[in-house]
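Coordinates as given in input_6.txt (compact mmCIF, C-alpha atoms and all ligand atoms):
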```txt
# COMPACT_ATOMS: atom_id res chain seq x y z
CA MET A 11 6.84 -23.34 4.94
CA ALA A 12 10.29 -22.22 3.89
CA LEU A 13 10.59 -20.60 0.48
CA THR A 14 12.79 -22.12 -2.21
CA VAL A 15 15.63 -19.98 -3.51
CA ASP A 16 13.68 -19.38 -6.72
CA GLU A 17 10.49 -18.41 -4.83
CA ARG A 18 12.42 -16.02 -2.60
CA ARG A 19 14.05 -14.41 -5.63
CA GLU A 20 10.73 -14.03 -7.44
CA ILE A 21 8.96 -12.49 -4.42
CA SER A 22 11.90 -10.17 -3.75
CA GLU A 23 11.78 -9.03 -7.39
CA THR A 24 8.01 -8.35 -7.13
CA ILE A 25 8.52 -6.36 -3.90
CA ALA A 26 11.32 -4.40 -5.57
CA ARG A 27 9.19 -3.77 -8.66
CA SER A 28 6.28 -2.56 -6.52
CA CYS A 29 8.66 -0.15 -4.76
CA ARG A 30 10.09 1.11 -8.06
CA ILE A 31 6.62 1.62 -9.60
CA MET A 32 5.38 3.67 -6.62
CA GLY A 33 8.68 5.56 -6.48
CA LYS A 34 8.47 6.45 -10.17
CA LEU A 35 4.87 7.57 -9.69
CA ASP A 36 6.16 9.97 -6.98
CA MET A 37 3.99 8.28 -4.36
CA THR A 38 6.79 8.55 -1.81
CA HIS A 39 10.23 10.08 -1.55
CA ALA A 40 13.78 8.99 -0.69
CA ALA A 41 13.88 5.78 1.38
CA LEU A 42 10.63 6.57 3.19
CA GLY A 43 8.38 3.57 2.78
CA HIS A 44 8.41 -0.18 2.47
CA VAL A 45 6.57 -3.06 0.84
CA SER A 46 6.35 -6.43 2.59
CA TYR A 47 5.08 -9.96 1.96
CA ARG A 48 4.08 -12.56 4.55
CA VAL A 49 6.06 -15.78 4.05
CA PRO A 50 3.21 -18.35 4.02
CA GLY A 51 2.97 -20.59 7.06
CA THR A 52 5.70 -18.78 9.00
CA GLU A 53 6.01 -15.83 11.36
CA THR A 54 8.35 -13.96 9.04
CA MET A 55 8.03 -11.46 6.22
CA LEU A 56 10.12 -10.27 3.32
CA ILE A 57 10.46 -6.49 3.39
CA LYS A 58 12.53 -3.71 1.84
CA GLY A 59 15.46 -3.17 4.20
CA LYS A 60 16.64 0.09 5.76
CA GLY A 61 19.95 1.06 7.36
CA PRO A 62 23.42 2.13 6.24
CA ASN A 63 23.14 0.59 2.75
CA GLU A 64 19.50 1.50 2.09
CA VAL A 65 18.44 2.82 -1.30
CA GLY A 66 15.51 5.06 -2.18
CA VAL A 67 12.19 3.30 -2.73
CA ARG A 68 12.41 4.24 -6.41
CA TYR A 69 15.67 2.34 -6.86
CA THR A 70 14.87 -0.85 -4.94
CA ARG A 71 16.52 -4.08 -6.18
CA PRO A 72 15.75 -7.67 -5.12
CA GLU A 73 18.94 -7.68 -3.00
CA ASP A 74 17.50 -4.78 -0.95
CA VAL A 75 14.77 -7.09 0.38
CA ILE A 76 15.46 -8.84 3.71
CA GLU A 77 13.64 -11.40 5.87
CA VAL A 78 12.35 -10.18 9.25
CA ASP A 79 10.53 -12.17 11.94
CA PHE A 80 7.42 -11.11 13.86
CA ASN A 81 9.63 -9.80 16.70
CA ALA A 82 11.09 -7.33 14.17
CA ASN A 83 14.45 -9.12 14.14
CA LYS A 84 16.39 -9.70 10.94
CA VAL A 85 16.47 -13.36 9.93
CA ALA A 86 18.30 -13.13 6.62
CA GLY A 87 19.72 -10.49 4.30
CA PRO A 88 22.93 -8.72 3.40
CA ASP A 89 25.09 -6.78 5.85
CA GLY A 90 24.27 -3.07 5.91
CA LEU A 91 20.53 -3.65 5.76
CA GLN A 92 18.32 -3.91 8.83
CA PRO A 93 14.59 -4.12 9.61
CA PRO A 94 12.66 -0.87 9.15
CA SER A 95 11.76 0.74 12.48
CA GLU A 96 8.16 0.44 11.28
CA SER A 97 8.41 -3.35 10.88
CA TYR A 98 5.88 -3.35 13.76
CA LEU A 99 3.28 -1.75 11.48
CA HIS A 100 3.62 -4.65 9.03
CA LEU A 101 3.96 -7.55 11.45
CA TRP A 102 0.96 -6.54 13.55
CA LEU A 103 -1.24 -6.32 10.46
CA TYR A 104 -0.13 -9.88 9.61
CA LYS A 105 -0.63 -11.13 13.17
CA THR A 106 -4.15 -9.76 13.42
CA ASN A 107 -5.41 -10.36 9.84
CA PRO A 108 -4.76 -13.89 8.52
CA GLU A 109 -6.02 -12.93 5.04
CA VAL A 110 -3.45 -10.14 4.61
CA GLN A 111 -0.52 -11.30 2.46
CA SER A 112 1.11 -7.97 1.65
CA VAL A 113 1.43 -4.58 3.35
CA ILE A 114 2.52 -1.26 1.85
CA HIS A 115 3.46 1.80 3.86
CA ILE A 116 4.45 4.99 1.99
CA HIS A 117 4.36 8.79 2.39
CA PRO A 118 2.32 10.27 -0.51
CA ARG A 119 2.12 14.06 -0.40
CA PRO A 120 -1.57 14.67 -1.38
CA ALA A 121 -2.87 12.19 1.21
CA VAL A 122 -0.68 13.64 3.96
CA LEU A 123 -1.70 17.21 3.09
CA LEU A 124 -5.38 16.26 3.39
CA THR A 125 -4.75 14.83 6.89
CA ILE A 126 -2.88 17.98 7.90
CA CYS A 127 -5.86 20.14 6.91
CA ASN A 128 -8.43 17.68 8.29
CA LYS A 129 -10.18 17.35 4.93
CA PRO A 130 -12.45 14.29 4.59
CA ILE A 131 -11.92 12.03 1.58
CA LEU A 132 -15.10 12.45 -0.49
CA PRO A 133 -16.55 10.18 -3.20
CA ILE A 134 -16.26 12.87 -5.87
CA TYR A 135 -16.16 10.72 -9.02
CA ALA A 136 -17.28 7.34 -10.25
CA ALA A 137 -16.67 6.72 -13.96
CA TYR A 138 -13.48 8.81 -14.01
CA GLY A 139 -11.12 6.30 -12.50
CA THR A 140 -10.14 4.04 -9.65
CA GLY A 141 -10.43 4.65 -5.95
CA ILE A 142 -14.13 5.52 -5.73
CA ARG A 143 -15.01 2.29 -3.92
CA LEU A 144 -12.44 3.14 -1.25
CA ALA A 145 -14.17 6.49 -0.74
CA VAL A 146 -17.60 4.84 -0.54
CA GLU A 147 -16.29 2.38 2.07
CA GLY A 148 -14.72 5.31 3.96
CA VAL A 149 -11.07 6.36 4.12
CA GLU A 150 -10.26 7.20 7.73
CA THR A 151 -7.23 8.80 9.37
CA TYR A 152 -5.17 7.34 12.22
CA GLN A 153 -4.49 10.38 14.36
CA ARG A 154 -0.99 9.70 15.74
CA SER A 155 1.80 11.26 13.63
CA ILE A 156 4.76 9.24 14.92
CA THR A 157 6.31 6.12 13.39
CA ILE A 158 4.83 2.74 14.37
CA HIS A 159 8.04 1.58 16.02
CA ASP A 160 7.09 -0.83 18.83
CA ASP A 161 4.61 -3.57 19.70
CA GLN A 162 2.22 -1.25 21.54
CA LEU A 163 1.88 1.14 18.61
CA GLY A 164 1.75 -1.78 16.15
CA GLU A 165 -1.11 -3.43 18.01
CA GLU A 166 -2.96 -0.12 18.33
CA PHE A 167 -2.57 0.67 14.64
CA ALA A 168 -3.62 -2.86 13.61
CA GLY A 169 -6.72 -2.36 15.79
CA PHE A 170 -7.47 0.84 13.87
CA MET A 171 -7.15 -1.03 10.57
CA VAL A 172 -9.48 -3.90 11.50
CA ASN A 173 -11.94 -4.32 8.61
CA ARG A 174 -10.07 -1.69 6.59
CA LYS A 175 -7.70 -2.17 3.66
CA VAL A 176 -6.42 1.40 3.60
CA ALA A 177 -5.73 4.06 6.22
CA LEU A 178 -4.34 7.57 6.16
CA MET A 179 -1.91 8.48 8.93
CA ARG A 180 -2.02 12.07 10.13
CA GLY A 181 1.06 14.07 9.10
CA HIS A 182 2.79 10.84 8.14
CA GLY A 183 1.58 8.65 5.25
CA VAL A 184 -0.73 5.81 4.28
CA SER A 185 -0.90 2.06 4.86
CA VAL A 186 -2.53 -0.43 2.54
CA THR A 187 -3.07 -4.20 2.71
CA GLY A 188 -3.68 -6.76 -0.01
CA SER A 189 -4.04 -10.41 -0.86
CA SER A 190 -0.81 -10.20 -2.90
CA ILE A 191 1.95 -7.68 -3.54
CA GLU A 192 0.29 -6.74 -6.83
CA ASP A 193 -3.14 -6.36 -5.17
CA ALA A 194 -1.75 -4.09 -2.43
CA THR A 195 0.16 -2.03 -5.00
CA VAL A 196 -2.87 -1.49 -7.24
CA ARG A 197 -4.92 -0.50 -4.16
CA ALA A 198 -2.22 1.97 -3.05
CA ILE A 199 -2.25 3.51 -6.55
CA ALA A 200 -6.07 3.76 -6.43
CA LEU A 201 -5.85 5.46 -3.03
CA ASP A 202 -3.30 7.88 -4.45
CA GLU A 203 -5.61 8.69 -7.38
CA LEU A 204 -8.52 9.29 -5.01
CA THR A 205 -6.56 11.46 -2.58
CA THR A 206 -4.87 13.42 -5.38
CA MET A 207 -8.25 14.19 -6.98
CA ASN A 208 -9.68 15.23 -3.60
CA TYR A 209 -6.64 17.41 -2.91
CA GLN A 210 -6.91 19.17 -6.27
CA ALA A 211 -10.69 19.56 -5.97
CA TYR A 212 -10.28 21.22 -2.55
CA LEU A 213 -7.75 23.59 -4.13
CA LEU A 214 -10.25 24.48 -6.88
CA GLY A 215 -13.16 25.07 -4.55
CA ASP A 216 -15.86 23.14 -2.75
CA PRO A 217 -15.88 19.48 -3.84
CA GLN A 218 -19.25 17.75 -3.87
CA PRO A 219 -19.94 14.01 -3.59
CA ILE A 220 -21.50 12.31 -6.61
CA PRO A 221 -25.32 11.92 -6.57
CA ASP A 222 -26.88 9.46 -4.13
CA ILE A 223 -28.19 7.29 -6.97
CA ASP A 224 -24.61 6.82 -8.19
CA LEU A 225 -23.29 6.26 -4.65
CA ALA A 226 -25.88 3.46 -4.30
CA GLU A 227 -24.59 1.92 -7.53
CA MET A 228 -21.03 2.03 -6.16
CA GLN A 229 -22.15 0.20 -3.01
CA LYS A 230 -23.17 -2.87 -5.01
CA PRO A 231 -20.47 -5.55 -5.03
CA PRO A 232 -18.39 -5.36 -8.21
CA ASP A 233 -18.96 -8.07 -10.81
CA PRO A 234 -15.74 -10.13 -11.04
CA ASN A 235 -16.84 -11.70 -14.35
CA ARG A 236 -17.73 -8.78 -16.57
CA THR A 237 -18.40 -9.66 -20.20
CA ARG A 238 -18.03 -6.08 -21.46
CA GLY A 239 -15.40 -3.48 -20.79
CA SER A 240 -12.47 -3.96 -18.46
CA SER A 241 -12.29 -7.12 -16.41
CA GLY A 242 -13.23 -7.04 -12.75
CA GLY A 243 -11.77 -9.03 -9.87
CA ASP A 244 -8.29 -10.53 -10.01
CA ALA A 245 -7.99 -10.23 -13.81
CA GLY A 246 -8.83 -6.52 -13.62
CA MET A 247 -6.29 -6.01 -10.83
CA ARG A 248 -3.61 -7.76 -12.90
CA ALA A 249 -4.44 -5.62 -15.95
CA THR A 250 -3.97 -2.48 -13.83
CA TRP A 251 -0.66 -3.83 -12.47
CA ARG A 252 0.42 -4.49 -16.09
CA TYR A 253 -0.50 -0.94 -17.13
CA TYR A 254 1.51 0.69 -14.35
CA SER A 255 4.38 -1.73 -14.96
CA MET A 256 4.45 -0.63 -18.61
CA LEU A 257 4.06 3.05 -17.72
CA THR A 258 7.09 2.91 -15.46
CA ASP A 259 9.19 0.64 -17.75
CA GLU A 260 8.88 -2.23 -15.30
CA TYR A 261 6.90 -4.56 -17.53
CA GLN A 262 7.90 -8.22 -17.71
CA SER A 263 5.58 -10.71 -19.43
ZN ZN B 301 6.24 5.98 7.80
```

Once more with this new file: its structure as C-alpha cells, please.
Amino acid sequence: MALTVDERREISETIARSCRIMGKLDMTHAALGHVSYRVPGTETMLIKGKGPNEVGVRYTRPEDVIEVDFNANKVAGPDGLQPPSESYLHLWLYKTNPEVQSVIHIHPRPAVLLTICNKPILPIYAAYGTGIRLAVEGVETYQRSITIHDDQLGEEFAGFMVNRKVALMRGHGVSVTGSSIEDATVRAIALDELTTMNYQAYLLGDPQPIPDIDLAEMQKPPDPNRTRGSSGGDAGMRATWRYYSMLTDEYQS
C-alpha cells in the first residue's frame, strides 16, 4: 500500500520529531541512531538517513527521512542521504515480527555503561516513574558490540529480540520496538529512565529490588481503562508523548 504524499510527510515529521525529542533528552549523540516506520503492506520502511548530508539526531527534519527496502537499498529520498549501515537491524525486526510498526536504535550513555560493567537492570522502583514493567519483564543484553550491518547479524539480532520489546547492546546502544512511532519513543524514554536510575543507584551503592509483594503487583497486566489517576494503555502513552513533546518544545496539537 503506497503512502500518499500527505501521509509520507506526516510520518516523516513524526519520525523527525521522535529523533529531536530523544536528541534533546541527550539519549544519543551526534548522528548515532535512527528511528524507522514500516510502510504498511510493503517491504519498505521510512528511516532517518545517513551519509554525506546527514544531520545529528537532535536536528532531524522531515527531509532527512528516506525510504529503504528490506534489502537495505534506498528507494526514495534526496541525494546525499543513504540507508544507515544498521538498516539490517530495523528490517529484520520487521521481517520477523509482523506486529512491529516502528523501531528505534540509539546509543544512550547510562544503558551502555551498565552493559560495559555487566550490571543487571534491577526493578528498583515502582511508583516513582516509568520503566518498572520493562525491568519486571527482564531487560537483557545482546553481547556483540559491533554494528548490525548485514543480513546474518540482522537475523541473529532479531532472533535475540523475539518476544522482547527492548534490548541493550553491549558497548553499543539499545533497540526498542513499538506499535507506532510514538509508542516506540515512549518505551525508549521509559527504558532510559530505568537504566539511568539503575546507573545512578549503582554509583550510590548496592541497589535492591523492590519487595516481592510489589513485584507481584507489577506483574499484573496494566488496566488500560483506569478511572482514577493517569490513563493507561494507548491514551496514557499519548499523554506521555505529549509531555515530552512539550518539554522539548516539539508540541503540536
Ligand atoms: Zn548503533

**Study point:** Environment of ligand ZN 301 (chain B) within 12 Å, counting only C-alpha atoms and all ligand atoms, reported as JSON, numbers by chain
**Key:** {"A": [38, 39, 40, 41, 42, 43, 44, 45, 94, 95, 96, 97, 98, 99, 100, 114, 115, 116, 117, 118, 122, 154, 155, 156, 157, 158, 159, 178, 179, 180, 181, 182, 183, 184, 185]}

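Taking atom CA of A:Leu101 and atom CA of A:Tyr152 as the two end points, the separation is 17.5 Å.
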
Mind running stretch 151-261 of chain A against stretch 66-83 of chain A at 12 Å and telling me each contacting residue's nearest atom pair with the distance in Å (one decimal), counting only C-alpha atoms, chain and number ascending, as a Markdown table?
```
| residue | atom | partner | partner_atom | distance |
| --- | --- | --- | --- | --- |
| A:Ile158 | CA | A:Ala82 | CA | 11.9 |
| A:His159 | CA | A:Ala82 | CA | 9.6 |
| A:Asp160 | CA | A:Ala82 | CA | 8.9 |
| A:Asp161 | CA | A:Asn81 | CA | 8.5 |
| A:Gly164 | CA | A:Ala82 | CA | 11.0 |
| A:Thr258 | CA | A:Arg68 | CA | 10.6 |
| A:Glu260 | CA | A:Arg68 | CA | 11.5 |
```

Shortest contact to A:Gln218, candidates A:Trp102, A:Tyr135, A:Tyr253, A:Tyr261, atoms counted only C-alpha atoms, goes to A:Tyr135

List the spatial neighbours of A:Val110 as a PyMOL selection string - criterion: any atom at most 8 Å away, all atoms listed in the file, same-chain residues fewer than 5 positions off excluded.
chain A and resi 48+103-104+187-190

Save the residues we just selected, C-alpha atoms, as a PDB file, in the frame of the given file?
```pdb
ATOM      1  CA  ARG A  48       4.080 -12.560   4.550  1.00  0.00           C
ATOM      2  CA  LEU A 103      -1.240  -6.320  10.460  1.00  0.00           C
ATOM      3  CA  TYR A 104      -0.130  -9.880   9.610  1.00  0.00           C
ATOM      4  CA  THR A 187      -3.070  -4.200   2.710  1.00  0.00           C
ATOM      5  CA  GLY A 188      -3.680  -6.760  -0.010  1.00  0.00           C
ATOM      6  CA  SER A 189      -4.040 -10.410  -0.860  1.00  0.00           C
ATOM      7  CA  SER A 190      -0.810 -10.200  -2.900  1.00  0.00           C
TER       8      SER A 190
END
```

Distance of atom CA of A:Ala121 from atom CA of A:Leu257, expressed in Å to one decimal place: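 Pair atom CA of A:Leu257 / atom CA of A:Ala121 returns 22.1 Å.
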
task = Considering all atoms listed in the file, state which residue in the set A:Lys129, A:Met247, A:Gly90, A:Val65 is at the smallest distance from A:Glu192.
result =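 For A:Glu192, the nearest of the candidates is A:Met247.
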
Contacts between stretch 222-234 of chain A and stretch 104-162 of chain A, please, where a residue of stretch 104-162 of chain A counts if it comes within 12 Å (with all atoms listed in the file); show its shortest atom pair and distance in Å to one decimal, rows by chain and ascending number, as a Markdown table.
```
| residue | atom | partner | partner_atom | distance |
| --- | --- | --- | --- | --- |
| A:Leu132 | CA | A:Leu225 | CA | 11.1 |
| A:Pro133 | CA | A:Leu225 | CA | 7.9 |
| A:Ile134 | CA | A:Leu225 | CA | 9.7 |
| A:Tyr135 | CA | A:Asp224 | CA | 9.3 |
| A:Ala136 | CA | A:Asp224 | CA | 7.6 |
| A:Ala137 | CA | A:Asp224 | CA | 9.8 |
| A:Thr140 | CA | A:Met228 | CA | 11.6 |
| A:Gly141 | CA | A:Met228 | CA | 10.9 |
| A:Ile142 | CA | A:Met228 | CA | 7.7 |
| A:Arg143 | CA | A:Met228 | CA | 6.4 |
| A:Leu144 | CA | A:Met228 | CA | 10.0 |
| A:Ala145 | CA | A:Met228 | CA | 9.8 |
| A:Val146 | CA | A:Gln229 | CA | 7.0 |
| A:Glu147 | CA | A:Gln229 | CA | 8.1 |
| A:Gly148 | CA | A:Gln229 | CA | 11.4 |
```

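Between atom CA of A:Lys58 and atom CA of A:Arg174 the separation is 23.2 Å.
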
Would you mind telling me which residue in A:Leu214, A:Arg119, A:Gln111, A:Ser240 lies nearest to A:Gly139 when using all atoms listed in the file?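 Distance minimum relative to A:Gly139 lands on A:Ser240.
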
Using all atoms listed in the file, the best pick from A:Gln262, A:Thr237, A:Thr106, A:Thr205 as closest to A:Val172 would be A:Thr106
